[in-house]
file my_file-v1.txt (compact mmCIF, C-alpha atoms)
# COMPACT_ATOMS: atom_id res chain seq x y z
CA MET A 1 -3.65 7.53 6.03
CA LYS A 2 -3.26 4.61 3.64
CA TYR A 3 -0.01 3.40 2.10
CA THR A 4 1.05 1.05 -0.66
CA ILE A 5 4.31 -0.16 -2.21
CA GLN A 6 5.87 0.14 -5.65
CA LYS A 7 8.57 -2.53 -5.56
CA LYS A 8 8.65 -6.15 -4.46
CA GLY A 9 10.37 -7.15 -1.25
CA THR A 10 11.44 -10.32 0.54
CA SER A 11 12.85 -11.45 3.87
CA VAL A 12 13.97 -14.63 5.61
CA TYR A 13 13.15 -15.42 9.23
CA LYS A 14 14.26 -18.57 11.08
CA GLU A 15 12.84 -20.14 14.22
CA LYS A 16 13.92 -23.57 15.56
CA GLN A 17 15.14 -24.76 12.17
CA SER A 18 11.92 -23.69 10.42
CA GLU A 19 12.50 -21.13 7.68
CA PHE A 20 9.92 -18.46 6.85
CA ILE A 21 10.42 -16.71 3.52
CA GLY A 22 8.27 -13.60 3.05
CA HIS A 23 7.34 -12.03 -0.27
CA ILE A 24 5.45 -8.75 -0.63
CA PHE A 25 4.18 -7.22 -3.87
CA ALA A 26 1.78 -4.62 -5.20
CA ILE A 27 -1.58 -5.80 -6.59
CA SER A 28 -4.72 -4.14 -7.91
CA ASN A 29 -7.11 -7.13 -7.91
CA THR A 30 -7.48 -10.72 -6.71
CA THR A 31 -6.66 -12.15 -10.15
CA GLN A 32 -3.24 -10.52 -9.99
CA PHE A 33 -2.70 -11.84 -6.47
CA ARG A 34 -3.58 -15.42 -7.49
CA SER A 35 -1.18 -15.18 -10.43
CA ASP A 36 1.70 -14.02 -8.19
CA LEU A 37 0.89 -16.75 -5.64
CA LYS A 38 0.94 -19.36 -8.41
CA ASP A 39 4.37 -18.16 -9.52
CA LEU A 40 5.72 -18.47 -5.97
CA LYS A 41 4.38 -22.02 -5.69
CA LYS A 42 6.29 -22.91 -8.86
CA GLU A 43 9.47 -21.28 -7.57
CA TYR A 44 9.27 -22.91 -4.12
CA TYR A 45 7.76 -26.18 -5.33
CA ASN A 46 9.11 -28.19 -2.39
CA ALA A 47 7.81 -25.93 0.39
CA ARG A 48 5.15 -27.15 2.80
CA HIS A 49 3.04 -24.04 3.48
CA PHE A 50 2.16 -20.92 1.48
CA CYS A 51 0.32 -18.68 3.93
CA TRP A 52 -0.89 -15.28 2.83
CA GLY A 53 -2.90 -12.13 3.31
CA TYR A 54 -3.92 -9.26 1.04
CA ARG A 55 -5.78 -5.95 1.20
CA ILE A 56 -7.27 -4.30 -1.90
CA LEU A 57 -9.10 -0.98 -2.01
CA ASN A 58 -12.19 -1.26 -4.23
CA THR A 59 -14.04 2.04 -4.64
CA HIS A 60 -14.35 3.07 -0.98
CA GLU A 61 -14.19 -0.38 0.64
CA ILE A 62 -11.17 -2.51 1.50
CA GLU A 63 -11.37 -6.15 0.46
CA GLU A 64 -9.13 -8.32 2.59
CA ASN A 65 -8.51 -12.01 2.90
CA ALA A 66 -6.03 -14.45 4.44
CA SER A 67 -5.17 -18.14 4.40
CA ASP A 68 -3.51 -20.46 6.91
CA ALA A 69 -2.73 -22.90 4.07
CA GLY A 70 -2.75 -25.99 6.24
CA GLU A 71 -1.35 -24.43 9.42
CA PRO A 72 -3.56 -24.47 12.57
CA ASN A 73 -6.57 -22.17 12.26
CA GLY A 74 -5.66 -18.53 12.91
CA SER A 75 -1.94 -19.17 13.30
CA ALA A 76 -0.63 -17.84 9.96
CA GLY A 77 -2.98 -15.92 7.67
CA LEU A 78 -4.39 -13.67 10.40
CA PRO A 79 -0.97 -12.62 11.78
CA ILE A 80 0.08 -11.74 8.21
CA LEU A 81 -3.10 -9.76 7.59
CA ASN A 82 -2.77 -7.98 10.93
CA GLN A 83 0.68 -6.73 9.94
CA LEU A 84 -0.71 -5.34 6.68
CA LYS A 85 -3.37 -3.56 8.73
CA GLN A 86 -0.87 -2.28 11.30
CA TYR A 87 1.24 -0.70 8.53
CA GLU A 88 -1.97 0.64 6.87
CA LEU A 89 -1.16 -1.02 3.55
CA VAL A 90 -3.62 -1.41 0.67
CA ASN A 91 -3.30 -2.94 -2.80
CA VAL A 92 -0.66 -5.23 -1.40
CA GLY A 93 -0.27 -9.01 -1.17
CA LEU A 94 2.05 -10.78 1.29
CA VAL A 95 2.95 -14.47 1.17
CA VAL A 96 5.01 -16.29 3.80
CA ILE A 97 6.45 -19.61 2.68
CA ARG A 98 7.44 -22.05 5.42
CA TYR A 99 9.98 -24.84 5.27
CA PHE A 100 9.40 -27.08 8.31
CA GLY A 101 12.57 -27.67 10.28
CA GLY A 102 11.48 -30.74 12.24
CA THR A 103 10.57 -29.01 15.52
CA LYS A 104 6.93 -28.10 16.14
CA LEU A 105 6.49 -24.48 17.19
CA GLY A 106 3.00 -24.73 18.67
CA LYS A 107 0.19 -22.34 17.79
CA ARG A 108 1.65 -19.44 19.80
CA GLY A 109 5.04 -19.96 18.19
CA LEU A 110 3.49 -20.02 14.72
CA ILE A 111 1.53 -16.83 15.36
CA GLU A 112 4.69 -15.05 16.49
CA SER A 113 6.82 -16.44 13.65
CA TYR A 114 4.38 -15.63 10.86
CA GLY A 115 3.76 -12.19 12.34
CA GLN A 116 7.49 -11.47 12.63
CA SER A 117 8.16 -12.72 9.11
CA ALA A 118 5.38 -10.51 7.73
CA SER A 119 6.71 -7.48 9.63
CA ASP A 120 10.27 -8.09 8.42
CA THR A 121 9.01 -8.42 4.84
CA ILE A 122 7.04 -5.18 5.02
CA GLN A 123 10.11 -3.41 6.38
CA SER A 124 12.13 -4.62 3.38
CA VAL A 125 10.24 -2.18 1.11
CA ASN A 126 9.45 1.53 1.12
CA ARG A 127 5.87 2.48 1.87
CA VAL A 128 4.44 5.33 -0.18
CA PRO A 129 1.21 7.28 0.42
CA PHE A 130 -1.66 5.61 -1.43
CA GLN A 131 -3.46 7.70 -4.02
CA ASP A 132 -6.94 6.46 -4.88
CA VAL A 133 -7.13 6.96 -8.64
CA VAL A 134 -9.51 6.03 -11.44
CA ILE A 135 -8.81 5.44 -15.11
CA TYR A 136 -10.80 7.41 -17.69
CA LYS A 137 -10.93 7.77 -21.46
CA LEU A 138 -10.79 11.35 -22.68
CA THR A 139 -11.92 12.30 -26.18
CA ALA A 140 -11.86 15.85 -27.53
CA PRO A 141 -11.10 17.90 -30.67
CA MET A 142 -7.37 18.13 -31.41
CA ASP A 143 -7.44 21.95 -31.15
CA PHE A 144 -7.57 21.66 -27.35
CA TYR A 145 -4.57 19.31 -26.97
CA GLY A 146 -2.28 21.72 -25.11
CA SER A 147 -4.87 23.41 -22.91
CA ILE A 148 -6.42 20.13 -21.73
CA ALA A 149 -3.00 18.62 -20.97
CA SER A 150 -2.11 21.69 -18.90
CA HIS A 151 -5.35 21.66 -16.92
CA LEU A 152 -5.15 17.93 -16.23
CA SER A 153 -1.68 18.40 -14.80
CA GLN A 154 -3.00 21.11 -12.47
CA LEU A 155 -5.61 18.59 -11.24
CA ASP A 156 -2.90 15.99 -10.47
CA SER A 157 -4.05 13.85 -13.39
CA LYS A 158 -1.74 12.30 -15.95
CA ILE A 159 -1.90 10.83 -19.43
CA LEU A 160 -1.13 7.09 -19.39
CA GLU A 161 -1.61 6.45 -23.11
CA ASP A 162 -1.99 8.74 -26.11
CA GLN A 163 -4.04 7.10 -28.87
CA SER A 164 -4.80 10.34 -30.68
CA ALA A 165 -5.15 10.48 -34.45
CA GLY A 166 -7.62 12.99 -35.91
CA THR A 167 -8.99 13.68 -32.44
CA ILE A 168 -7.60 13.47 -28.92
CA VAL A 169 -7.99 10.01 -27.39
CA TRP A 170 -6.21 9.66 -24.07
CA LYS A 171 -6.18 7.10 -21.31
CA ILE A 172 -5.83 9.20 -18.19
CA GLU A 173 -5.35 8.60 -14.48
CA CYS A 174 -7.31 10.94 -12.21
CA PRO A 175 -7.51 11.13 -8.39
CA ARG A 176 -10.96 9.87 -7.41
CA THR A 177 -11.59 13.03 -5.40
CA LYS A 178 -10.97 15.20 -8.48
CA VAL A 179 -13.00 13.32 -11.12
CA ASN A 180 -15.84 15.86 -11.13
CA ALA A 181 -13.35 18.73 -11.47
CA CYS A 182 -11.67 16.94 -14.42
CA ILE A 183 -15.00 16.37 -16.16
CA LYS A 184 -16.02 20.01 -15.67
CA SER A 185 -12.63 21.30 -16.81
CA VAL A 186 -12.68 19.29 -20.05
CA LYS A 187 -16.28 20.25 -20.78
CA ASP A 188 -15.62 23.96 -20.17
CA LEU A 189 -12.36 24.06 -22.14
CA THR A 190 -13.87 22.35 -25.17
CA HIS A 191 -17.23 24.13 -24.98
CA GLY A 192 -19.00 20.82 -24.52
CA HIS A 193 -17.13 18.93 -27.25
CA GLY A 194 -14.80 16.97 -24.91
CA PHE A 195 -15.84 13.93 -22.91
CA LEU A 196 -14.59 11.76 -20.06
CA GLU A 197 -15.88 8.23 -19.57
CA PRO A 198 -14.66 5.25 -17.54
CA TRP A 199 -11.96 3.26 -19.32
CA ASN A 200 -13.40 -0.19 -20.02
CA GLU A 201 -10.69 -1.96 -22.01
call {"tool": "encode", "arguments": {"input": "my_file-v1.txt", "output": "C-alpha cells"}}
result
Amino acid sequence: MKYTIQKKGTSVYKEKQSEFIGHIFAISNTTQFRSDLKDLKKEYYNARHFCWGYRILNTHEIEENASDAGEPNGSAGLPILNQLKQYELVNVGLVVIRYFGGTKLGKRGLIESYGQSASDTIQSVNRVPFQDVVIYKLTAPMDFYGSIASHLSQLDSKILEDQSAGTIVWKIECPRTKVNACIKSVKDLTHGHGFLEPWNE
C-alpha cells in the first residue's frame, strides 16, 4: 500500500555538533519540488549541505531521485530516499539541511545521521493512504446537474471547481481505477450529451 502526506513536517537531529534539519512536504511534480528546495535554500542561506530525495507517482510508475549535495557519494541522498521507500511514501519530497559542527562523521556516520534525520522527519507528520486520482473536465446539459453530482459522489469522485454557466462545466477529481465507470455514468445519464476529457489547463 502507498501513502502520502497532507501537511509539512520538520525535525532536528544532532550528532557530534553537526545539526541535521529535516523538512518534508507533499509534491505532485518535480517543478514543485525544485521550488520548495529553492525556498529552503533562501531560508537557510548559510547552511553547507541541502541533501534530498523525492518519490512521485506518474501514471503507474514511481519517479524517484536523490542528491548528496556535496557529501560523499551515497552518504546522504540514498539514505533519505531509502526512508521514503521504507515508509512507502509517494508524492513526497524530503530535504535534510546540514550545519557542519567541526567534527567529521565519516561516511558511515553520515549515512546513519542522514537516515535518522529522514526517519525523524517522516515521523513528524501523519501518513495517509495514497489515492491515485486524475483530473477531468466534465461538460453536460444543466438539466442533469443533480443526478451527475450524485453519481460522481457514489464513484468517490468530487467536484474541484464549478465553472458552469448555461451548461455544466466542472473540474472533477476521479480515482484512476474508476475513470471508465465515471465516463460511462455521465454518458448514460445524459443520453450521450455529457462528456469527460482530461483537464489540460
call {"tool": "atom_distance", "arguments": {"input": "my_file-v1.txt", "atom1": "CA of Arg48 (chain A)", "atom2": "CA of Ala69 (chain A)"}}
result
9.0 Å
call {"tool": "residues_near_point", "arguments": {"input": "my_file-v1.txt", "point": "(4.6, -17.4, 1.0)", "cutoff": "9 Å", "atoms": "all atoms listed in the file", "output": "count of residues only"}}
result
18
call {"tool": "residues_around", "arguments": {"input": "my_file-v1.txt", "residues": "Tyr13 (chain A)", "least_positions_apart": "4", "cutoff": "8 Å", "atoms": "all atoms listed in the file", "output": "list in words"}}
result
Glu19, Phe20, Ile21, Ser113, Gln116, Ser117 and Asp120 of chain A
call {"tool": "atom_distance", "arguments": {"input": "my_file-v1.txt", "atom1": "CA of Asp143 (chain A)", "atom2": "CA of Thr177 (chain A)"}}
result
27.6 Å
call {"tool": "atom_distance", "arguments": {"input": "my_file-v1.txt", "atom1": "CA of Val179 (chain A)", "atom2": "CA of Glu61 (chain A)"}}
result
18.1 Å
call {"tool": "closest_residue", "arguments": {"input": "my_file-v1.txt", "among": "A:Arg108, A:Lys171, A:Arg127, A:Lys14", "to": "Ala149 (chain A)", "atoms": "all atoms listed in the file"}}
result
A:Lys171
call {"tool": "closest_residue", "arguments": {"input": "my_file-v1.txt", "among": "A:Val133, A:Leu196, A:Leu81, A:Val186", "to": "Asp156 (chain A)", "atoms": "all atoms listed in the file"}}
result
A:Val133
call {"tool": "residues_around", "arguments": {"input": "my_file-v1.txt", "residues": "Val125 (chain A)", "least_positions_apart": "2", "cutoff": "9 Å", "atoms": "all atoms listed in the file", "output": "ChimeraX atom specification"}}
result
/A:5-10,24,121-123,127
call {"tool": "write_last_selection", "arguments": {"input": "my_file-v1.txt", "atoms": "C-alpha atoms", "output": "PDB file, in the frame of the given file"}}
result
ATOM      1  CA  ILE A   5       4.310  -0.160  -2.210  1.00  0.00           C
ATOM      2  CA  GLN A   6       5.870   0.140  -5.650  1.00  0.00           C
ATOM      3  CA  LYS A   7       8.570  -2.530  -5.560  1.00  0.00           C
ATOM      4  CA  LYS A   8       8.650  -6.150  -4.460  1.00  0.00           C
ATOM      5  CA  GLY A   9      10.370  -7.150  -1.250  1.00  0.00           C
ATOM      6  CA  THR A  10      11.440 -10.320   0.540  1.00  0.00           C
ATOM      7  CA  ILE A  24       5.450  -8.750  -0.630  1.00  0.00           C
ATOM      8  CA  THR A 121       9.010  -8.420   4.840  1.00  0.00           C
ATOM      9  CA  ILE A 122       7.040  -5.180   5.020  1.00  0.00           C
ATOM     10  CA  GLN A 123      10.110  -3.410   6.380  1.00  0.00           C
ATOM     11  CA  ARG A 127       5.870   2.480   1.870  1.00  0.00           C
TER      12      ARG A 127
END
call {"tool": "closest_residue", "arguments": {"input": "my_file-v1.txt", "among": "A:Tyr145, A:Thr31, A:Phe25, A:Leu78", "to": "Asp162 (chain A)", "atoms": "all atoms listed in the file"}}
result
A:Tyr145
call {"tool": "axis_aligned_box", "arguments": {"input": "my_file-v1.txt", "around": "region 160-164 of chain A", "padding_each_side": "6 Å", "output": "AutoDock Vina command-line options"}}
result
--center_x -3.0 --center_y 8.4 --center_z -25.0 --size_x 15.7 --size_y 15.9 --size_z 23.3
call {"tool": "residues_around", "arguments": {"input": "my_file-v1.txt", "residues": "Gly115 (chain A)", "least_positions_apart": "3", "cutoff": "10 Å", "atoms": "only C-alpha atoms", "output": "PDB file with C-alpha atoms, in the frame of the given file"}}
result
ATOM      1  CA  SER A  75      -1.940 -19.170  13.300  1.00  0.00           C
ATOM      2  CA  ALA A  76      -0.630 -17.840   9.960  1.00  0.00           C
ATOM      3  CA  GLY A  77      -2.980 -15.920   7.670  1.00  0.00           C
ATOM      4  CA  LEU A  78      -4.390 -13.670  10.400  1.00  0.00           C
ATOM      5  CA  PRO A  79      -0.970 -12.620  11.780  1.00  0.00           C
ATOM      6  CA  ILE A  80       0.080 -11.740   8.210  1.00  0.00           C
ATOM      7  CA  LEU A  81      -3.100  -9.760   7.590  1.00  0.00           C
ATOM      8  CA  ASN A  82      -2.770  -7.980  10.930  1.00  0.00           C
ATOM      9  CA  GLN A  83       0.680  -6.730   9.940  1.00  0.00           C
ATOM     10  CA  LEU A  84      -0.710  -5.340   6.680  1.00  0.00           C
ATOM     11  CA  VAL A  96       5.010 -16.290   3.800  1.00  0.00           C
ATOM     12  CA  GLY A 109       5.040 -19.960  18.190  1.00  0.00           C
ATOM     13  CA  LEU A 110       3.490 -20.020  14.720  1.00  0.00           C
ATOM     14  CA  ILE A 111       1.530 -16.830  15.360  1.00  0.00           C
ATOM     15  CA  GLU A 112       4.690 -15.050  16.490  1.00  0.00           C
ATOM     16  CA  ALA A 118       5.380 -10.510   7.730  1.00  0.00           C
ATOM     17  CA  SER A 119       6.710  -7.480   9.630  1.00  0.00           C
ATOM     18  CA  ASP A 120      10.270  -8.090   8.420  1.00  0.00           C
ATOM     19  CA  THR A 121       9.010  -8.420   4.840  1.00  0.00           C
TER      20      THR A 121
END
call {"tool": "closest_residue", "arguments": {"input": "my_file-v1.txt", "among": "A:Gln154, A:Ile159, A:Ile62, A:Asn200", "to": "Ser185 (chain A)", "atoms": "all atoms listed in the file"}}
result
A:Gln154
call {"tool": "residues_around", "arguments": {"input": "my_file-v1.txt", "residues": "Glu88 (chain A)", "least_positions_apart": "3", "cutoff": "6 Å", "atoms": "only C-alpha atoms", "output": "PyMOL selection string"}}
result
chain A and resi 2-3+85
call {"tool": "closest_residue", "arguments": {"input": "my_file-v1.txt", "among": "A:Trp199, A:Tyr114, A:Phe144, A:Phe130", "to": "Glu161 (chain A)", "atoms": "all atoms listed in the file"}}
result
A:Trp199
call {"tool": "decode", "arguments": {"input": "my_file-v1.txt", "residues": "region 94-169 of chain A", "atoms": "C-alpha atoms", "output": "CSV table (one decimal), in the first residue's frame"}}
result
chain,number,residue,atom,x,y,z
A,94,LEU,CA,12.3,15.3,1.9
A,95,VAL,CA,15.3,17.7,2.3
A,96,VAL,CA,17.9,17.4,5.1
A,97,ILE,CA,19.9,20.5,5.7
A,98,ARG,CA,23.2,20.1,7.5
A,99,TYR,CA,25.2,22.6,9.5
A,100,PHE,CA,28.7,21.2,10.0
A,101,GLY,CA,29.8,21.2,13.6
A,102,GLY,CA,33.6,20.9,13.1
A,103,THR,CA,33.9,17.1,13.7
A,104,LYS,CA,33.9,14.8,10.7
A,105,LEU,CA,31.5,11.9,10.9
A,106,GLY,CA,32.9,9.6,8.3
A,107,LYS,CA,30.8,8.0,5.6
A,108,ARG,CA,29.2,5.5,7.9
A,109,GLY,CA,28.3,8.3,10.4
A,110,LEU,CA,26.8,10.4,7.6
A,111,ILE,CA,24.7,7.5,6.3
A,112,GLU,CA,23.4,6.9,9.8
A,113,SER,CA,22.8,10.6,10.6
A,114,TYR,CA,21.0,11.4,7.3
A,115,GLY,CA,18.9,8.2,7.6
A,116,GLN,CA,18.0,9.0,11.2
A,117,SER,CA,17.1,12.6,10.3
A,118,ALA,CA,14.9,11.5,7.4
A,119,SER,CA,13.1,8.9,9.7
A,120,ASP,CA,12.6,11.5,12.4
A,121,THR,CA,11.2,14.0,9.8
A,122,ILE,CA,8.8,11.4,8.4
A,123,GLN,CA,7.6,10.6,11.9
A,124,SER,CA,6.8,14.2,12.5
A,125,VAL,CA,3.8,14.0,10.0
A,126,ASN,CA,0.8,11.8,9.6
A,127,ARG,CA,0.8,9.4,6.7
A,128,VAL,CA,-2.4,8.9,4.8
A,129,PRO,CA,-3.3,6.2,2.3
A,130,PHE,CA,-2.5,7.5,-1.2
A,131,GLN,CA,-5.3,7.7,-3.7
A,132,ASP,CA,-4.2,7.7,-7.3
A,133,VAL,CA,-6.5,10.3,-8.9
A,134,VAL,CA,-6.9,12.0,-12.3
A,135,ILE,CA,-8.3,15.4,-13.1
A,136,TYR,CA,-11.0,15.6,-15.7
A,137,LYS,CA,-13.3,18.3,-17.3
A,138,LEU,CA,-16.9,17.4,-17.3
A,139,THR,CA,-19.4,19.2,-19.6
A,140,ALA,CA,-23.1,18.4,-19.8
A,141,PRO,CA,-26.5,20.0,-20.2
A,142,MET,CA,-27.6,21.8,-17.0
A,143,ASP,CA,-30.7,19.6,-16.6
A,144,PHE,CA,-28.5,16.8,-15.3
A,145,TYR,CA,-26.7,18.8,-12.6
A,146,GLY,CA,-28.1,17.0,-9.6
A,147,SER,CA,-28.1,13.5,-11.0
A,148,ILE,CA,-24.5,13.7,-12.2
A,149,ALA,CA,-23.3,15.2,-8.9
A,150,SER,CA,-25.0,12.3,-7.0
A,151,HIS,CA,-23.5,9.6,-9.3
A,152,LEU,CA,-20.0,11.1,-9.1
A,153,SER,CA,-20.1,11.0,-5.3
A,154,GLN,CA,-21.1,7.3,-5.4
A,155,LEU,CA,-17.9,6.7,-7.5
A,156,ASP,CA,-15.7,8.5,-5.0
A,157,SER,CA,-15.2,11.5,-7.3
A,158,LYS,CA,-15.5,15.1,-6.3
A,159,ILE,CA,-16.1,18.5,-8.0
A,160,LEU,CA,-13.0,20.7,-7.5
A,161,GLU,CA,-14.3,23.7,-9.5
A,162,ASP,CA,-17.7,24.7,-10.8
A,163,GLN,CA,-17.4,26.9,-13.9
A,164,SER,CA,-21.0,26.3,-15.0
A,165,ALA,CA,-23.0,29.0,-16.8
A,166,GLY,CA,-25.5,27.9,-19.4
A,167,THR,CA,-24.1,24.3,-19.3
A,168,ILE,CA,-22.4,22.3,-16.6
A,169,VAL,CA,-18.6,22.7,-16.7
